[in-house]
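Worksheet for the structure shown next.
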2 protein chains.
Amino acid sequence: MHYSQLFGKTSKTVSADEESVNAQYLIRGGFVNKQMAGVYNYLPLGLRTLKKIQNIIREEMTAIGGNEILMPTLTQEESYKTTGRDTMDVLFHTEGPGGAKYVLNPTHEEVVTPLVQKYTFSYNDLPLAVFQIQNKYRNEPRAKSGILRGREFNMKDLYSFHASEESLNEFYEIAKKAYHKVYARLGLGDITVLTYASGGAFSRYSHEFQTLCEVGEDTIYFCEKCRIGINKEIIADQTSCPECGNADLVEKNGIEVGNIFKLMARFSSAFGFKYLDAEGKEQPVEMGCYGIGPSRIMGTLVEVFHDNKGMKWPESVAPFKYHLLALGKEDETFVEAEKIYKNLISKGVEVLYDDRRGVTAGEKFADADLIGLPIRLVVSKKTLAEDSVELKRRDKADASLVKISDLL
Amino acid sequence: MHYSQLFGKTSKTVSADEESVNAQYLIRGGFVNKQMAGVYNYLPLGLRTLKKIQNIIREEMTAIGGNEILMPTLTQEESYKTTGRDTMDVLFHTEGPGGAKYVLNPTHEEVVTPLVQKYTFSYNDLPLAVFQIQNKYRNEPRAKSGILRGREFNMKDLYSFHASEESLNEFYEIAKKAYHKVYARLGLGDITVLTYASGGAFSRYSHEFQTLCEVGEDTIYFCEKCRIGINKEIIADQTSCPECGNADLVEKNGIEVGNIFKLMARFSSAFGFKYLDAEGKEQPVEMGCYGIGPSRIMGTLVEVFHDNKGMKWPESVAPFKYHLLALGKEDETFVEAEKIYKNLISKGVEVLYDDRRGVTAGEKFADADLIGLPIRLVVSKKTLAEDSVELKRRDKADASLVKISDLL
């Protein structure tokens, strides 16, 4: 992509009400733009990043047998009365024709449960897992953490349906492993830890995945032996590591980047969703839910990977791999840079080419650091004199000359 | 994909309130499920189809320089007051914290105009085209045409921004050509015609793309020489073909599958969006908008391509290319069919494999006709005796035996 053709420009400043590092850098870098508190527009760089995150998650959910579907935003309020969740604070309400009451789904148990019920008759149809990648709506009183906590935000939610608690437990462990794979691929594997959290009325625990990070809103107690956490909300009941018994826990801040939960029959009961067992007897369906927010992950990546110059995207999710800069005033430099650009993209490499004329080297370097692609390539009169480009990784201080022929 | 692992089953019947052919077949085939009038869940078969339609549109919009972005559903009602459209009947309203008034965007002029304004300063930044593929919300009083007219529906909307009317006119013609390419790739090229429609207060005409179809809600007057239409809404003012003057027009029904519109400065004026020309003087920005609904396209394809047995998907958008059926009770048939399946998918071919045991040949044939994939492959004891599979195209009556070695 030619930078001159890309919609969205970098800026040196950002509105004073942006408190979070992720919003500041994402807005300054031209990745997102704030529509209003908690609601963002995704510009091309941001949307490319978001889609890469979504695709990693999609692949891992498909790998464990998830069927991708797409549920709507609008749903009858009636469905929330059925589960007793129509009084949730975070619900956005609206009205359809004739005053019909709708809500904007903040999560999809009230949609997915009766949906799967329609296609599930006997034990032969179970287990089953469906997921979607779609926007959620929550009327959050505070929405000050950039894209970490939105009123409209992107979510992957998978729901599993089982004929027995054993089947649920088995799948739950499979999903846990898939989540660890997702974080590893996102570059967050080393600092993202399974965390025990409240299980509500039906399970002893649920589990969160917490990315250890100073700015995290959550407090967890961390067992350094097992590398697992306990959420502060349950530390009064659980004062030692549930896996090894270690009581020497370390307080840490975390960003919740995932949550998995055994719902048991909480929602299936509400909708009267049962299946026929091998003897033809009706049995309750057991459910699990597994959430991860691609937009929140994007914000987390910025919070974790940045320096005072800008963002540092892991290669797996960077909107482009290379940032090619043509410096100087000579036409020849731009002609050669264009050739290198075309050669790289013809090989399927993703390149953002800063082809702007009349922009200083200092500005181009500053923009490259801000945007934070993994590898910067500089073409100038000086590098061309050696048939080379200068290559520098965003996360390393040193640059080196690479022959153009070696690069291609 | 193994059919036994696919979420969503076919059914022989559909609720009596589904009047439209598209909803009947899409629901019966397990492509979509109705949440409520005008609001649908997309099951895996439907979502795969929708994504293929979206990707064709995305490729053609990118090819004409469109930058893909993603705008939100929630927007301040204030933005609609700015343009005087806050009284539109179709707006869904909701409230945020402290009673803040939001609407669910039915289209995105009120979002995209101030968004592009933030990044556009001078003539150097124009022309510019941005698009998104995203859901829209319209509080339609009637929503009885299946996924042809939804309250929540999928839309590609592209917006172009120009320094002059000439630049807008030039891009408008480019967009027209891109739209024709899209319909050709969707299999609708021959029966989709450019149609002159009302241009509102600012332009003489807008243009629709109408797919000629008996069940279409729109009436157009068709010039058989030029193969263009005139929408009934302007026939009083325009009684002959605007291209060749032919007054011998034929009345036809059409489904509106696209709409392009010169907005001129209608929205840019409202938001005070101007640019600096080469002399440093402020000038109004001219805009165009270009819409096409992937979910409506999906419904249109069913209305156009079906028979009394089911749907007939064009290859470009079919959720899978091949429907492989294993018939009979012999284990060996299923073992061989599995091999054929694995071989085909290892070559990157998309195959839905009906691996169900204990389902009659009649039921499998009926399901294959209903689901409507382009090519049906049957494996049975009989075909295996000749080292063959039976191949039949959905749109042809005759079947033929093909050697397995030739197929692979």
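Ordering of the structure tokens sets the chain letters (A, B, ...); residue numbers start at 1 within each chain; ligands are numbered from 1 in the order shown.
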Taking only C-alpha atoms into account, report as a compact mmCIF listing (two decimals) with N, CA and C atoms, in the first residue's frame which residues of chain A lie within 7 Å of chain B.
```txt
# COMPACT_ATOMS: atom_id res chain seq x y z
N LEU A 6 -3.30 5.92 1.44
CA LEU A 6 -3.94 5.32 2.62
C LEU A 6 -4.80 6.36 3.33
N PHE A 7 -6.02 6.00 3.65
CA PHE A 7 -6.86 6.92 4.41
C PHE A 7 -6.47 6.85 5.88
N GLY A 8 -6.28 8.04 6.47
CA GLY A 8 -5.88 8.11 7.87
C GLY A 8 -4.46 8.62 7.95
N LYS A 9 -4.27 9.70 8.67
CA LYS A 9 -2.93 10.29 8.77
C LYS A 9 -2.47 10.22 10.21
N VAL A 39 -16.82 4.39 21.66
CA VAL A 39 -17.26 4.01 20.30
C VAL A 39 -16.23 4.56 19.30
N TYR A 40 -15.65 3.67 18.54
CA TYR A 40 -14.54 4.05 17.66
C TYR A 40 -14.80 3.67 16.20
N ASN A 41 -14.23 4.49 15.30
CA ASN A 41 -14.14 4.13 13.89
C ASN A 41 -12.79 3.45 13.68
N TYR A 42 -12.77 2.41 12.89
CA TYR A 42 -11.50 1.75 12.53
C TYR A 42 -11.08 2.21 11.15
N LEU A 43 -9.92 2.85 11.09
CA LEU A 43 -9.36 3.29 9.81
C LEU A 43 -8.60 2.10 9.21
N PRO A 44 -8.13 2.21 7.96
CA PRO A 44 -7.54 1.02 7.31
C PRO A 44 -6.45 0.33 8.12
N LEU A 47 -8.22 -1.47 11.01
CA LEU A 47 -9.07 -2.57 10.57
C LEU A 47 -8.23 -3.77 10.13
N ASN A 67 -18.17 -24.11 14.95
CA ASN A 67 -18.89 -23.77 13.73
C ASN A 67 -19.13 -22.28 13.73
N GLU A 68 -18.63 -21.55 12.73
CA GLU A 68 -18.84 -20.10 12.76
C GLU A 68 -20.24 -19.72 12.28
N ILE A 69 -20.91 -18.91 13.07
CA ILE A 69 -22.23 -18.38 12.73
C ILE A 69 -22.21 -16.87 12.93
N LEU A 70 -23.34 -16.22 12.71
CA LEU A 70 -23.41 -14.78 12.94
C LEU A 70 -24.80 -14.45 13.48
N MET A 71 -24.82 -13.99 14.71
CA MET A 71 -26.10 -13.65 15.33
C MET A 71 -26.31 -12.14 15.27
N PRO A 72 -27.57 -11.71 15.42
CA PRO A 72 -27.85 -10.28 15.24
C PRO A 72 -27.53 -9.45 16.48
N PHE A 92 -28.58 -1.77 26.32
CA PHE A 92 -29.15 -0.70 25.50
C PHE A 92 -30.52 -1.17 25.03
N HIS A 93 -31.51 -0.30 25.14
CA HIS A 93 -32.88 -0.63 24.72
C HIS A 93 -33.26 0.18 23.49
N THR A 94 -34.11 -0.40 22.65
CA THR A 94 -34.68 0.38 21.55
C THR A 94 -36.06 -0.20 21.23
N GLU A 95 -36.78 0.49 20.37
CA GLU A 95 -38.14 0.04 20.05
C GLU A 95 -38.32 -0.15 18.56
N GLY A 96 -39.01 -1.24 18.21
CA GLY A 96 -39.34 -1.52 16.82
C GLY A 96 -40.75 -1.05 16.51
N PRO A 97 -41.27 -1.48 15.37
CA PRO A 97 -42.62 -1.07 14.96
C PRO A 97 -43.66 -1.44 16.02
N TYR A 119 -32.20 -26.93 16.65
CA TYR A 119 -31.55 -27.93 15.81
C TYR A 119 -31.03 -29.12 16.61
N ASN A 139 -23.84 -0.59 27.78
CA ASN A 139 -23.97 0.78 28.23
C ASN A 139 -23.10 0.98 29.47
N PRO A 141 -21.02 2.68 32.28
CA PRO A 141 -21.00 4.04 32.84
C PRO A 141 -19.66 4.74 32.56
```
Would you list the contacts of Tyr353 of chain A as a list of chain:residue names, taking every protein, DNA or RNA residue within 9 Å and counting only C-alpha atoms, but skipping same-chain residues closer than 6 positions in sequence? A:Met1, A:His2, A:Tyr3, A:Ser4, A:Tyr322, A:His323, A:Leu324, A:Leu325, A:Ala326, A:Ala337, A:Glu338, A:Tyr341
Please extract the residues of segment 177-364 of chain A with a backbone DSSP assignment of helix (DSSP H, G or I) and present them as a ChimeraX atom specification. /A:177-185,189-191,232-234,266-270,294-304,331-346,361-364
Would you tabulate, counting only C-alpha atoms, all residues of segment 288-345 of chain A that have an atom at most 10 Å from an atom of segment 366-388 of chain A, showing the closest pair of atoms and their distance in Å to one decimal, sorted by chain then ascending number, as a tab-separated table?
```
residue	atom	partner	partner_atom	distance
A:Val302	CA	A:Gly372	CA	9.8
A:Phe305	CA	A:Gly372	CA	9.4
A:His306	CA	A:Gly372	CA	8.2
A:Asp307	CA	A:Asp369	CA	9.1
A:Asn308	CA	A:Leu370	CA	8.9
A:Lys309	CA	A:Leu370	CA	5.7
A:Gly310	CA	A:Leu370	CA	3.8
A:Met311	CA	A:Gly372	CA	4.6
A:Lys312	CA	A:Gly372	CA	4.4
A:Trp313	CA	A:Gly372	CA	5.8
A:Pro314	CA	A:Pro374	CA	6.8
A:Glu315	CA	A:Pro374	CA	6.0
A:Ser316	CA	A:Pro374	CA	9.7
A:Val317	CA	A:Leu373	CA	9.6
A:Ala318	CA	A:Leu373	CA	6.0
A:Pro319	CA	A:Leu373	CA	7.4
A:Phe320	CA	A:Leu373	CA	6.4
A:Lys321	CA	A:Pro374	CA	5.8
A:Tyr322	CA	A:Ile375	CA	4.9
A:His323	CA	A:Arg376	CA	4.7
A:Leu324	CA	A:Leu377	CA	4.6
A:Leu325	CA	A:Val378	CA	4.8
A:Ala326	CA	A:Val379	CA	4.9
A:Leu327	CA	A:Ser380	CA	5.1
A:Gly328	CA	A:Ser380	CA	6.3
A:Lys329	CA	A:Lys381	CA	9.1
A:Glu330	CA	A:Lys381	CA	7.5
A:Asp331	CA	A:Lys381	CA	9.9
A:Glu332	CA	A:Lys381	CA	8.2
A:Thr333	CA	A:Ser380	CA	5.8
A:Phe334	CA	A:Val379	CA	8.3
A:Glu336	CA	A:Val379	CA	8.0
A:Ala337	CA	A:Val379	CA	6.2
A:Glu338	CA	A:Val379	CA	9.9
A:Ile340	CA	A:Val379	CA	9.2
```
Could you write out the selected residues, including C-alpha atoms, as a compact mmCIF listing (two decimals), in the first residue's frame?
```
# COMPACT_ATOMS: atom_id res chain seq x y z
CA VAL A 302 -0.50 -1.36 22.37
CA PHE A 305 4.22 -3.25 23.21
CA HIS A 306 5.16 0.41 22.91
CA ASP A 307 7.90 2.85 23.81
CA ASN A 308 7.91 6.64 23.98
CA LYS A 309 8.07 6.85 20.18
CA GLY A 310 5.09 4.71 19.37
CA MET A 311 3.67 1.21 18.93
CA LYS A 312 5.58 -2.04 18.31
CA TRP A 313 3.28 -4.59 16.66
CA PRO A 314 4.05 -8.31 16.84
CA GLU A 315 4.55 -9.65 13.33
CA SER A 316 1.48 -11.90 13.55
CA VAL A 317 -0.93 -8.96 13.78
CA ALA A 318 0.96 -5.99 12.33
CA PRO A 319 -1.12 -4.37 9.56
CA PHE A 320 1.92 -4.69 7.27
CA LYS A 321 5.24 -6.45 7.85
CA TYR A 322 7.54 -3.88 6.23
CA HIS A 323 7.51 -0.11 6.34
CA LEU A 324 9.45 1.05 3.29
CA LEU A 325 10.64 4.69 3.41
CA ALA A 326 11.94 6.63 0.44
CA LEU A 327 14.02 9.58 1.66
CA GLY A 328 15.44 12.65 -0.04
CA LYS A 329 14.44 14.67 -3.07
CA GLU A 330 15.93 12.68 -5.93
CA ASP A 331 13.41 11.15 -8.34
CA GLU A 332 15.68 8.16 -8.79
CA THR A 333 15.30 7.21 -5.13
CA PHE A 334 11.52 7.09 -5.53
CA GLU A 336 14.05 2.54 -7.10
CA ALA A 337 11.91 2.41 -3.97
CA GLU A 338 8.84 1.79 -6.12
CA ILE A 340 11.58 -2.64 -4.44
```
Non-local contacts of Phe209 of chain B (9 Å; only C-alpha atoms; under 6 positions in same chain excluded) as a VMD selection string: chain B and resid 179 to 180 192 to 196 229 254 to 260
Set the distance at 12 Å and use only C-alpha atoms: which residues neighbour Ile230 of chain A once local chain neighbours fewer than 2 positions away are removed? I'd like the list as a PDB file with C-alpha atoms, in the first residue's frame.
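Output contents, as saved in selection_27.pdb:
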```
ATOM      1  CA  VAL A 193      -1.956 -16.210  32.713  1.00  0.00           C
ATOM      2  CA  LEU A 194      -4.936 -18.374  33.507  1.00  0.00           C
ATOM      3  CA  THR A 195      -6.709 -16.791  36.454  1.00  0.00           C
ATOM      4  CA  TYR A 196      -9.307 -18.309  38.748  1.00  0.00           C
ATOM      5  CA  ALA A 197     -12.368 -16.122  39.097  1.00  0.00           C
ATOM      6  CA  SER A 198     -15.869 -16.366  40.496  1.00  0.00           C
ATOM      7  CA  TYR A 205     -14.735 -21.106  39.410  1.00  0.00           C
ATOM      8  CA  SER A 206     -14.739 -19.476  36.069  1.00  0.00           C
ATOM      9  CA  HIS A 207     -11.435 -18.684  34.416  1.00  0.00           C
ATOM     10  CA  GLU A 208     -10.073 -15.491  33.032  1.00  0.00           C
ATOM     11  CA  PHE A 209      -6.968 -14.937  30.995  1.00  0.00           C
ATOM     12  CA  GLN A 210      -5.127 -11.948  32.404  1.00  0.00           C
ATOM     13  CA  ASP A 218      -7.845  -5.988  37.529  1.00  0.00           C
ATOM     14  CA  THR A 219      -5.850  -7.082  40.549  1.00  0.00           C
ATOM     15  CA  ILE A 220      -4.749 -10.685  40.629  1.00  0.00           C
ATOM     16  CA  TYR A 221      -2.716 -12.771  43.052  1.00  0.00           C
ATOM     17  CA  PHE A 222      -0.080 -14.632  41.137  1.00  0.00           C
ATOM     18  CA  CYS A 223       1.532 -17.991  41.892  1.00  0.00           C
ATOM     19  CA  GLU A 224       5.018 -17.783  40.411  1.00  0.00           C
ATOM     20  CA  CYS A 226       2.387 -22.466  38.470  1.00  0.00           C
ATOM     21  CA  ARG A 227       2.163 -19.120  36.652  1.00  0.00           C
ATOM     22  CA  ILE A 228      -1.542 -18.916  37.380  1.00  0.00           C
ATOM     23  CA  LYS A 232      -9.003 -10.388  43.772  1.00  0.00           C
ATOM     24  CA  GLU A 233     -12.785 -10.949  43.786  1.00  0.00           C
ATOM     25  CA  ILE A 234     -12.309 -14.482  45.171  1.00  0.00           C
ATOM     26  CA  ILE A 235      -9.106 -14.080  47.214  1.00  0.00           C
ATOM     27  CA  ALA A 236     -11.120 -14.027  50.461  1.00  0.00           C
ATOM     28  CA  ASP A 237     -12.358 -17.568  49.681  1.00  0.00           C
ATOM     29  CA  GLN A 238      -9.230 -18.816  47.971  1.00  0.00           C
ATOM     30  CA  THR A 239      -6.064 -17.640  49.684  1.00  0.00           C
ATOM     31  CA  SER A 240      -3.597 -20.075  48.153  1.00  0.00           C
ATOM     32  CA  CYS A 241      -2.850 -21.341  44.658  1.00  0.00           C
ATOM     33  CA  PRO A 242      -5.667 -23.772  43.715  1.00  0.00           C
ATOM     34  CA  GLU A 243      -3.185 -25.852  41.715  1.00  0.00           C
ATOM     35  CA  ASN A 246       1.359 -22.173  47.436  1.00  0.00           C
ATOM     36  CA  ALA A 247       0.235 -19.349  49.753  1.00  0.00           C
ATOM     37  CA  LEU A 249       1.165 -15.092  46.118  1.00  0.00           C
ATOM     38  CA  VAL A 250       2.289 -11.873  44.448  1.00  0.00           C
ATOM     39  CA  GLU A 251      -0.115  -9.018  43.734  1.00  0.00           C
ATOM     40  CA  LYS A 252      -0.140  -7.960  40.071  1.00  0.00           C
ATOM     41  CA  ASN A 253      -2.240  -5.845  37.724  1.00  0.00           C
ATOM     42  CA  GLY A 254      -3.814  -7.542  34.747  1.00  0.00           C
TER      43      GLY A 254
END
```
Strand (DSSP E) call set, DSSP backbone run, segment 154-389 of chain A, as number ranges by chain: A: 154-162, 192-198, 205-212, 218-223, 228-231, 250-264, 274-276, 282-284, 286-292, 306-307, 310-311, 322-326, 351-354, 375-379, 388-389
